[in-house]
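Take a look at the structure below.
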2 protein chains.
Amino acid sequence: MARILLKDFAFLPTPDGPVEERSLVIEGGRIARIGEASELEAEVGRFDRVIEGRGRLVMPGLVNAHTHLAMVLFRGYADDLPLREWLEEAIWPAERHLEPKEVYWASLLGIAELLRSGVTAFADMYFYMDEVARAVEASGIRAQLSYGMIAPDRERAERELAKGLELVERWHGQADGRITVALAPHAPYTCGEWLWQRAVEEAQEHGIMIHTHLSETAQEVADSRARHGKSPVEYLADLGVFAAPVLAAHCVHLSDRDIEILAENKVQVVHNPSSNMKLGSGIAPVQRLLAAGVNVALGTDGAGTNNNLDMWEELRLAALLAKVGGDPTALPAPQALKLATVNGAQALGLEGVGPLREGMAADLIILDLEGPHLTPQYNLASNLAYALNSADVETVIVAGEVLMEGREIKSFDEAEAKARVRELSEKYKEIRRSRWD
Amino acid sequence: MARILLKDFAFLPTPDGPVEERSLVIEGGRIARIGEASELEAEVGRFDRVIEGRGRLVMPGLVNAHTHLAMVLFRGYADDLPLREWLEEAIWPAERHLEPKEVYWASLLGIAELLRSGVTAFADMYFYMDEVARAVEASGIRAQLSYGMIAPDRERAERELAKGLELVERWHGQADGRITVALAPHAPYTCGEWLWQRAVEEAQEHGIMIHTHLSETAQEVADSRARHGKSPVEYLADLGVFAAPVLAAHCVHLSDRDIEILAENKVQVVHNPSSNMKLGSGIAPVQRLLAAGVNVALGTDGAGTNNNLDMWEELRLAALLAKVGGDPTALPAPQALKLATVNGAQALGLEGVGPLREGMAADLIILDLEGPHLTPQYNLASNLAYALNSADVETVIVAGEVLMEGREIKSFDEAEAKARVRELSEKYKEIRRSRWD
């Protein structure tokens with residue numbers, strides 16, 4: 001592993017802290033030293049690489065805490081439709097044709113998009129997850145992966161759990177620790193009690209997380225109350241699911257009691273503003289969750305409902321959406337930046353990843369702050385949260401490796417991934433035509 | 001003026017139409033011919049320039065139908081504050097120190113930002129407008145300019161109207177017709193009846209528009225009802241204001257009767273989703289306005305409340321915000337693209353500007369569609385509305401002149417504008433410190 005000096009950068013170790021002028025030594029995948037360039041050069045001696053700051057900014061990488069990465073293959077496949085029609089008429093029929101190799105290329109394309117917007121880690125739930133793991137391994141990014149288990153009956157549930165556990169066995173801790181694996185019962189309404197309880201036991205035994213969708217739509221909550229006499233959050237709580245660490249995506253429709261339960265059980269909540277808006281699901285009560293002490297992270301959801309994986313857009317949208325109810329002081333810029341970065345690392349249970357301190361993982365991004373849209377600069381956090389464009393991300397480093405530099409992906413052939421996905425899309429265009437024309 | 005051939009482009013003449021493969025001849029500021037490259041080369045002979053399509057897209061430029069351009073100088077100056085505190089404690093005290101030359105450099109910087117996101121025309125309301133006009137003239141962009149008149153009493157109103165009319169006389173129709181001027185009584189609650197009525201008379205006499213802010217906040221509507229016994233829209237209607245063509249920004253809080261009045265009077269409405277969200281003003285009823293037959297355009301508002309001038313973000317946000325109430329079919333992608341382009345040209349009363357047909361103004365943009373976030377492409381409109389990034393805008397042509405090419409501003413020195421605004425911001429940093437620290 002290379003020993004790198006980041007020399008004379010504007011440095012934002014954590015998004016709600018002050019900006020400093022610093023140099024950083026990266027070694028063994030971690031931030032070995034932070035200080036003055038002169039002092040570091042003298043102490044540490046020669047470097048394999050020196051990257052000059054020239055007024056650019058180093059900050060923690062963004063964490064996309066909920067996505068279905070390979071769905072970039074279905075970007076724009078069907079839009080502006082009611083959720084049920086989108087799923088039943090468009091996405092599920094297309095997904096039935098998916099092949100493992102397609103998931104590999106789509107995941108690699110998705111990782112290119114993530115890196116280009118400054119994402120250093122993501123949490124994924126999909127299928128053919130070995131292919132996603134291979135793309136993560138090849139690309140150098142960090143990820144929490146999970147196989148999305150959908151099991152209406154017990155027999156199916158056993159097969160699904162076995163698949164989920166195979167992924168754990170094969171990939172948890174792999175790629176120098178960049179890959180962790182979670183168990184993912186898809187949602188309270190798509191998995192039975194047996195599967196939920198077994199998933200929790202296995203998660204506890206393996207020391208891993210549960211990743212699920214929770215209280216995404218008003219309909220889901222109404223159905224849960226009709227079927228179980230309780231909200232989805234209460235239902236999972238009563239099943240004992242929160243005995244394991246849980247990453248819960250969406251959490252749009254929550255009662256005060258639900259929020260108490262999430263807070264008491266330290267459930268990690270992922271807010272997906274674009275997806276929730278685009279599907280008309282509603283607005284997650286982010287302010288109420290934060291006030292209750294819940295750790296809230298941000299995610300793009302899949303490209304099928306977004307339609308990109310641009311975490312800077314999610315960050316800006318989260319800050320704006322929090323205010324739409326009438327309080328312009330809600331979710332101020334530094335807090336929105338935290339949601340997209342350090343809160344995400346915490347939500348995924350990534351140990352030693354987050355604020356840029358000595359000893360922490362070298363998961364960081366370099367931003368060009370010279371664009372006209374970032375001029376002038378009175379308040380760095382405001383410029384980052386409200387005015388920055390993801391194309392301002394110049395360089396991305398994960399676990400000490402330079403994965404993108406000067407907006408060029410270094411760790412894999414992005415052009416090939418694009419070409420492959422373009423080819424693959426021809427098959428789905430045909431499927432689309434045969435159903436809809 | 002150069003005679004340009006745009007050769008073999010993907011061509012979207014209007015955003016809700018189909019994409020075609022075409023070449024375009026630009027001559028005398030207009031689109032002279034549209035056809036096959038071979039045929040056009042033979043017929044029209046030699047060109048001063050040939051720009052090759054190579055799969056890139058030509059579409060109408062975006063129109064930012066409501067901004068306060070020079071406020072880029074106050075980008076991030078104060079954020080996450082209630083509107084009154086933001087205005088009274090931060091922005092107004094700062095604006096009192098503004099000098100004409102500062103407005104020139106800030107406007108030029110703002111135009112760089114507009115061009116970089118593919119904007120070919122904008123509507124501005126501010127002060128020291130001669131300086132804005134000079135920046136528009138120098139940069140080659142198209143604009144509707146207006147001096148924002150604020151007049152609590154009659155004496156002030158006469159002075160304000162005189163200033164507004166001076167701008168009309170000096171600049172309306174200047175810069176080869178790229179500049180038009182409107183009269184801008186700032187809002188129903190900041191201008192008296194005499195000024196409103198005189199402004200309408202003058203607008204009719206000069207054949208120009210009225211540009212104003214209308215029904216932006218719930219408070220404004222409540223105050224109007226308390227003071228006049230009617231909504232702001234009813235109040236202006238009864239004053240006879242809608243006898244002139246009116247460009248009305250915001251229109252967030254509207255009754256059914258208000259919408260009828262706006263439709264009957266062909267009032268041009270500008271939706272500003274980022275600003276309305278950021279200030280907690282609310283969500284404009286865009287669907288109801290469109291259903292009533294109102295022409296709705298899009299604007300960024302000033303950078304003080306946005307904090308950028310990125311019209312692609314507004315476009316995406318408008319499409320998402322329309323759906324948040326629960327209808328995922330609201331404001332589908334092609335319609336959102338219309339709001340940001342041809343509806344904007346119509347809203348500003350720009351004759352001969354809009355869809356790209358023979359004889360229309362050559363106000364157009366060239367987009368690079370090769371990014372990973374635009375791959376694959378099942379549906380062009382979806383990719384443009386939901387996934388495109390403003391950094392994908394490669395080239396901008398206004399009135400037949402290439403103002404940006406390969407993301408380089410050609411018509412003025414962008415670096416100088418940035419440097420000047422950076423220098424100017426030091427003065428305001430000092431003012432900010434002296435008030436707040």
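Identifiers for the structure tokens are assigned positionally: chains receive A, B, ... in sequence, residues are indexed from 1 per chain, and ligands are indexed from 1 in the order shown.
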As a PDB file with N, CA and C atoms, in the first residue's frame, please: the residues near Tyr104 of chain B (cut-off 9 Å, only C-alpha atoms, same-chain neighbours under 2 positions excluded).
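Everything below was put into out-v6.pdb:
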```pdb
ATOM      1  N   ALA B  70     -27.474  39.449  -8.998  1.00  0.00           N
ATOM      2  CA  ALA B  70     -26.300  39.960  -8.290  1.00  0.00           C
ATOM      3  C   ALA B  70     -26.219  39.440  -6.856  1.00  0.00           C
ATOM      4  N   PRO B 100     -22.615  50.180  -7.367  1.00  0.00           N
ATOM      5  CA  PRO B 100     -22.940  49.748  -8.735  1.00  0.00           C
ATOM      6  C   PRO B 100     -21.903  48.791  -9.325  1.00  0.00           C
ATOM      7  N   LYS B 101     -20.626  49.104  -9.175  1.00  0.00           N
ATOM      8  CA  LYS B 101     -19.589  48.261  -9.772  1.00  0.00           C
ATOM      9  C   LYS B 101     -19.654  46.830  -9.227  1.00  0.00           C
ATOM     10  N   GLU B 102     -20.013  46.708  -7.952  1.00  0.00           N
ATOM     11  CA  GLU B 102     -20.125  45.372  -7.352  1.00  0.00           C
ATOM     12  C   GLU B 102     -21.232  44.565  -8.033  1.00  0.00           C
ATOM     13  N   ALA B 106     -20.755  40.926  -9.799  1.00  0.00           N
ATOM     14  CA  ALA B 106     -21.589  39.829  -9.286  1.00  0.00           C
ATOM     15  C   ALA B 106     -22.500  39.300 -10.397  1.00  0.00           C
ATOM     16  N   SER B 107     -23.044  40.222 -11.216  1.00  0.00           N
ATOM     17  CA  SER B 107     -23.926  39.780 -12.309  1.00  0.00           C
ATOM     18  C   SER B 107     -23.153  38.949 -13.325  1.00  0.00           C
ATOM     19  N   LEU B 108     -21.941  39.358 -13.602  1.00  0.00           N
ATOM     20  CA  LEU B 108     -21.132  38.611 -14.568  1.00  0.00           C
ATOM     21  C   LEU B 108     -20.823  37.208 -14.023  1.00  0.00           C
ATOM     22  N   LEU B 109     -20.505  37.145 -12.736  1.00  0.00           N
ATOM     23  CA  LEU B 109     -20.289  35.825 -12.120  1.00  0.00           C
ATOM     24  C   LEU B 109     -21.568  34.986 -12.201  1.00  0.00           C
ATOM     25  N   TYR B 128     -29.449  48.905  -9.208  1.00  0.00           N
ATOM     26  CA  TYR B 128     -28.271  49.178 -10.053  1.00  0.00           C
ATOM     27  C   TYR B 128     -28.365  48.338 -11.326  1.00  0.00           C
ATOM     28  N   MET B 129     -29.534  48.390 -11.948  1.00  0.00           N
ATOM     29  CA  MET B 129     -29.797  47.487 -13.075  1.00  0.00           C
ATOM     30  C   MET B 129     -29.021  47.845 -14.340  1.00  0.00           C
ATOM     31  N   ASP B 130     -28.523  49.085 -14.421  1.00  0.00           N
ATOM     32  CA  ASP B 130     -27.674  49.408 -15.579  1.00  0.00           C
ATOM     33  C   ASP B 130     -26.452  48.504 -15.602  1.00  0.00           C
ATOM     34  N   GLU B 131     -25.979  48.182 -14.413  1.00  0.00           N
ATOM     35  CA  GLU B 131     -24.796  47.313 -14.324  1.00  0.00           C
ATOM     36  C   GLU B 131     -25.128  45.889 -14.757  1.00  0.00           C
ATOM     37  N   VAL B 132     -26.317  45.432 -14.385  1.00  0.00           N
ATOM     38  CA  VAL B 132     -26.754  44.103 -14.832  1.00  0.00           C
ATOM     39  C   VAL B 132     -26.872  44.106 -16.355  1.00  0.00           C
ATOM     40  N   ALA B 133     -27.445  45.195 -16.886  1.00  0.00           N
ATOM     41  CA  ALA B 133     -27.610  45.290 -18.347  1.00  0.00           C
ATOM     42  C   ALA B 133     -26.254  45.240 -19.042  1.00  0.00           C
ATOM     43  N   ARG B 134     -25.267  45.936 -18.469  1.00  0.00           N
ATOM     44  CA  ARG B 134     -23.925  45.913 -19.080  1.00  0.00           C
ATOM     45  C   ARG B 134     -23.335  44.496 -19.061  1.00  0.00           C
ATOM     46  N   ALA B 135     -23.575  43.788 -17.967  1.00  0.00           N
ATOM     47  CA  ALA B 135     -23.076  42.401 -17.889  1.00  0.00           C
ATOM     48  C   ALA B 135     -23.786  41.510 -18.910  1.00  0.00           C
TER      49      ALA B 135
END
```
Looking only at strand (DSSP E or B) from DSSP on the backbone, list the matching residues of segment 167-333 of chain B as a VMD selection string. chain B and resid 179 to 185 191 210 to 214 246 to 250 268 to 271 296 to 298
Wanna dump the chain A-chain B contacts at 7 Å for me, each residue with its shortest atom pair and the distance in Å to one decimal, counting only C-alpha atoms, ordered by chain and number, as a tab-separated table?
```
residue	atom	partner	partner_atom	distance
A:Leu73	CA	B:Pro376	CA	6.5
A:Arg75	CA	B:Pro376	CA	6.8
A:Gly76	CA	B:Ser382	CA	5.5
A:Tyr77	CA	B:Tyr378	CA	5.6
A:Asp80	CA	B:Thr329	CA	4.5
A:Leu81	CA	B:Thr329	CA	5.2
A:Pro82	CA	B:Pro328	CA	5.5
A:Leu109	CA	B:Pro372	CA	6.4
A:Ala112	CA	B:Pro372	CA	6.8
A:Glu113	CA	B:Pro372	CA	5.8
A:Met277	CA	B:Val324	CA	4.6
A:Lys278	CA	B:Leu320	CA	5.1
A:Leu279	CA	B:Pro328	CA	4.9
A:Gly280	CA	B:Gly326	CA	4.0
A:Ser281	CA	B:Gly326	CA	6.1
A:Gly282	CA	B:Val324	CA	5.7
A:Asn306	CA	B:Tyr386	CA	6.7
A:Asn307	CA	B:Ala387	CA	5.1
A:Asn308	CA	B:Ala387	CA	5.0
A:Leu320	CA	B:Lys278	CA	5.1
A:Leu321	CA	B:Met277	CA	6.5
A:Lys323	CA	B:Gly280	CA	5.0
A:Val324	CA	B:Met277	CA	4.6
A:Gly325	CA	B:Gly280	CA	6.1
A:Gly326	CA	B:Gly280	CA	4.0
A:Asp327	CA	B:Gly280	CA	5.3
A:Pro328	CA	B:Leu279	CA	4.9
A:Thr329	CA	B:Asp80	CA	4.5
A:Pro332	CA	B:Asp80	CA	5.5
A:Pro372	CA	B:Glu113	CA	5.8
A:His373	CA	B:Asn308	CA	5.8
A:Thr375	CA	B:Lys418	CA	6.7
A:Pro376	CA	B:Arg422	CA	5.3
A:Gln377	CA	B:Gly76	CA	7.0
A:Tyr378	CA	B:Tyr77	CA	5.6
A:Asn379	CA	B:Gly76	CA	5.7
A:Ser382	CA	B:Gly76	CA	5.5
A:Asn383	CA	B:Gly76	CA	6.2
A:Tyr386	CA	B:Asn307	CA	5.4
A:Ala387	CA	B:Asn308	CA	5.0
A:Ala391	CA	B:Ala391	CA	6.5
A:Lys418	CA	B:Pro372	CA	6.4
A:Val421	CA	B:Pro376	CA	6.4
A:Arg422	CA	B:Pro376	CA	5.3
A:Ser425	CA	B:Pro376	CA	6.3
A:Lys429	CA	B:Tyr378	CA	6.8
```
Minimum-distance residue to Asp16 of chain B, chosen among B:Val342, B:Leu298, B:Met125, B:Met311 (using only C-alpha atoms): B:Val342
Using Å and a single decimal, report how far atom CA of Leu167 of chain B sits from atom CA of Glu99 of chain B. 17.3 Å
Backbone DSSP call of helix (DSSP H, G or I) for segment 8-240 of chain A, listed as an MDAnalysis selection string: chainID A and resid 37:44 69:74 83:95 100:116 129:139 154:171 193:206 218:228 232:239
Please identify all polymer residues within 10 Å of Leu40 of chain A, counting only C-alpha atoms, omitting same-chain residues fewer than 4 positions from it, and present them as a PyMOL selection string. chain A and resi 5+7+23-25+33-36+44-46
Contacts of Tyr147 of chain B at 12 Å (only C-alpha atoms; same-chain gap of 2+ positions) as a compact mmCIF listing (two decimals) with C-alpha atoms, in the first residue's frame:
```txt
# COMPACT_ATOMS: atom_id res chain seq x y z
CA HIS B 68 -31.97 38.38 -8.37
CA ALA B 123 -35.62 37.39 -15.78
CA ASP B 124 -33.98 39.59 -13.18
CA MET B 125 -35.30 42.02 -10.60
CA TYR B 126 -32.80 43.99 -8.53
CA PHE B 127 -31.24 47.45 -8.36
CA TYR B 128 -28.27 49.18 -10.05
CA MET B 129 -29.80 47.49 -13.07
CA ASP B 130 -27.67 49.41 -15.58
CA GLU B 131 -24.80 47.31 -14.32
CA VAL B 132 -26.75 44.10 -14.83
CA ALA B 133 -27.61 45.29 -18.35
CA GLN B 144 -35.59 40.48 -19.17
CA LEU B 145 -34.41 43.10 -16.68
CA MET B 149 -39.58 49.27 -7.01
CA ILE B 150 -40.33 49.41 -3.29
CA ARG B 159 -38.94 58.38 -7.66
CA GLU B 160 -39.05 54.61 -7.97
CA LEU B 161 -41.25 54.72 -11.06
CA ALA B 162 -38.91 57.25 -12.64
CA LYS B 163 -35.98 54.90 -12.05
CA GLY B 164 -37.92 51.98 -13.48
CA LEU B 165 -38.80 53.99 -16.58
CA GLU B 166 -35.24 55.20 -17.07
CA LEU B 167 -34.17 51.56 -17.33
CA VAL B 168 -36.88 50.96 -19.93
CA TRP B 171 -32.14 49.34 -22.26
CA VAL B 181 -37.08 45.55 -19.73
CA ALA B 182 -40.08 45.09 -17.45
CA LEU B 183 -41.51 47.31 -14.72
CA ALA B 184 -41.28 45.68 -11.31
CA PRO B 185 -43.43 46.81 -8.44
CA HIS B 186 -41.75 44.50 -5.89
CA ALA B 199 -46.88 50.90 -13.61
CA ILE B 210 -44.84 43.73 -15.15
CA HIS B 211 -42.58 41.49 -12.99
CA THR B 212 -43.54 41.01 -9.34
```
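When atom CA of Ser255 of chain A is paired with atom CA of His253 of chain B, their separation reads 28.5 Å.
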Non-local contacts of Val294 of chain A (12 Å; only C-alpha atoms; under 5 positions in same chain excluded) as a PyMOL selection string: chain A and resi 247-248+251+258-271+285-289+339+343+346-347
Could you write those residues out with N, CA and C atoms, as an mmCIF file, in the first residue's frame?
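Saved the output as part04.cif:
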```cif
data_model
loop_
_atom_site.group_PDB
_atom_site.id
_atom_site.type_symbol
_atom_site.label_atom_id
_atom_site.label_comp_id
_atom_site.auth_asym_id
_atom_site.auth_seq_id
_atom_site.Cartn_x
_atom_site.Cartn_y
_atom_site.Cartn_z
ATOM 1 N N LEU A 247 -30.559 -1.600 10.405
ATOM 2 C CA LEU A 247 -30.498 -0.474 9.470
ATOM 3 C C LEU A 247 -31.850 -0.441 8.772
ATOM 4 N N ALA A 248 -32.649 0.601 9.071
ATOM 5 C CA ALA A 248 -34.032 0.643 8.592
ATOM 6 C C ALA A 248 -34.199 1.777 7.586
ATOM 7 N N CYS A 251 -38.650 4.787 6.819
ATOM 8 C CA CYS A 251 -39.230 5.292 8.080
ATOM 9 C C CYS A 251 -39.964 6.617 7.848
ATOM 10 N N ASP A 258 -43.595 5.002 17.763
ATOM 11 C CA ASP A 258 -42.608 4.390 16.858
ATOM 12 C C ASP A 258 -41.237 5.044 17.046
ATOM 13 N N ILE A 259 -41.236 6.366 17.102
ATOM 14 C CA ILE A 259 -39.959 7.086 17.224
ATOM 15 C C ILE A 259 -39.284 6.749 18.555
ATOM 16 N N GLU A 260 -40.077 6.650 19.615
ATOM 17 C CA GLU A 260 -39.519 6.229 20.913
ATOM 18 C C GLU A 260 -38.868 4.852 20.810
ATOM 19 N N ILE A 261 -39.572 3.940 20.154
ATOM 20 C CA ILE A 261 -39.039 2.571 20.017
ATOM 21 C C ILE A 261 -37.731 2.581 19.229
ATOM 22 N N LEU A 262 -37.701 3.323 18.131
ATOM 23 C CA LEU A 262 -36.487 3.387 17.302
ATOM 24 C C LEU A 262 -35.324 3.968 18.116
ATOM 25 N N ALA A 263 -35.629 4.997 18.913
ATOM 26 C CA ALA A 263 -34.577 5.640 19.714
ATOM 27 C C ALA A 263 -34.081 4.696 20.808
ATOM 28 N N GLU A 264 -35.017 4.094 21.547
ATOM 29 C CA GLU A 264 -34.643 3.189 22.646
ATOM 30 C C GLU A 264 -33.769 2.037 22.152
ATOM 31 N N ASN A 265 -34.069 1.572 20.948
ATOM 32 C CA ASN A 265 -33.363 0.399 20.434
ATOM 33 C C ASN A 265 -32.189 0.735 19.524
ATOM 34 N N LYS A 266 -31.861 2.039 19.472
ATOM 35 C CA LYS A 266 -30.731 2.480 18.643
ATOM 36 C C LYS A 266 -30.809 1.935 17.215
ATOM 37 N N VAL A 267 -32.029 1.964 16.658
ATOM 38 C CA VAL A 267 -32.197 1.583 15.255
ATOM 39 C C VAL A 267 -31.594 2.687 14.381
ATOM 40 N N GLN A 268 -30.845 2.284 13.347
ATOM 41 C CA GLN A 268 -30.218 3.215 12.426
ATOM 42 C C GLN A 268 -31.203 3.492 11.295
ATOM 43 N N VAL A 269 -31.594 4.745 11.137
ATOM 44 C CA VAL A 269 -32.618 5.105 10.154
ATOM 45 C C VAL A 269 -31.972 5.737 8.919
ATOM 46 N N VAL A 270 -32.418 5.310 7.738
ATOM 47 C CA VAL A 270 -31.923 5.892 6.485
ATOM 48 C C VAL A 270 -33.040 6.660 5.785
ATOM 49 N N HIS A 271 -32.812 7.949 5.619
ATOM 50 C CA HIS A 271 -33.744 8.851 4.948
ATOM 51 C C HIS A 271 -33.413 8.851 3.457
ATOM 52 N N PRO A 285 -40.085 12.049 9.056
ATOM 53 C CA PRO A 285 -39.995 13.043 10.134
ATOM 54 C C PRO A 285 -38.573 13.137 10.689
ATOM 55 N N VAL A 286 -37.653 13.615 9.864
ATOM 56 C CA VAL A 286 -36.237 13.617 10.209
ATOM 57 C C VAL A 286 -35.963 14.442 11.468
ATOM 58 N N GLN A 287 -36.620 15.601 11.563
ATOM 59 C CA GLN A 287 -36.386 16.449 12.731
ATOM 60 C C GLN A 287 -36.804 15.751 14.019
ATOM 61 N N ARG A 288 -37.969 15.107 13.965
ATOM 62 C CA ARG A 288 -38.458 14.420 15.165
ATOM 63 C C ARG A 288 -37.527 13.255 15.523
ATOM 64 N N LEU A 289 -37.032 12.550 14.522
ATOM 65 C CA LEU A 289 -36.110 11.440 14.785
ATOM 66 C C LEU A 289 -34.820 11.948 15.423
ATOM 67 N N LEU A 339 -25.457 13.979 8.225
ATOM 68 C CA LEU A 339 -26.315 12.873 7.793
ATOM 69 C C LEU A 339 -25.667 12.103 6.639
ATOM 70 N N ASN A 343 -22.761 10.192 9.976
ATOM 71 C CA ASN A 343 -23.923 9.419 10.426
ATOM 72 C C ASN A 343 -24.087 8.152 9.598
ATOM 73 N N GLN A 346 -21.648 5.532 10.789
ATOM 74 C CA GLN A 346 -22.157 4.959 12.037
ATOM 75 C C GLN A 346 -23.335 4.014 11.764
ATOM 76 N N ALA A 347 -24.224 4.422 10.861
ATOM 77 C CA ALA A 347 -25.412 3.613 10.559
ATOM 78 C C ALA A 347 -25.029 2.242 10.025
#
```
One-decimal distance in Å that lies between atom CA of Leu57 of chain A and atom CA of Gly17 of chain A: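 Rounded to one decimal, the two atoms are 13.5 Å apart.
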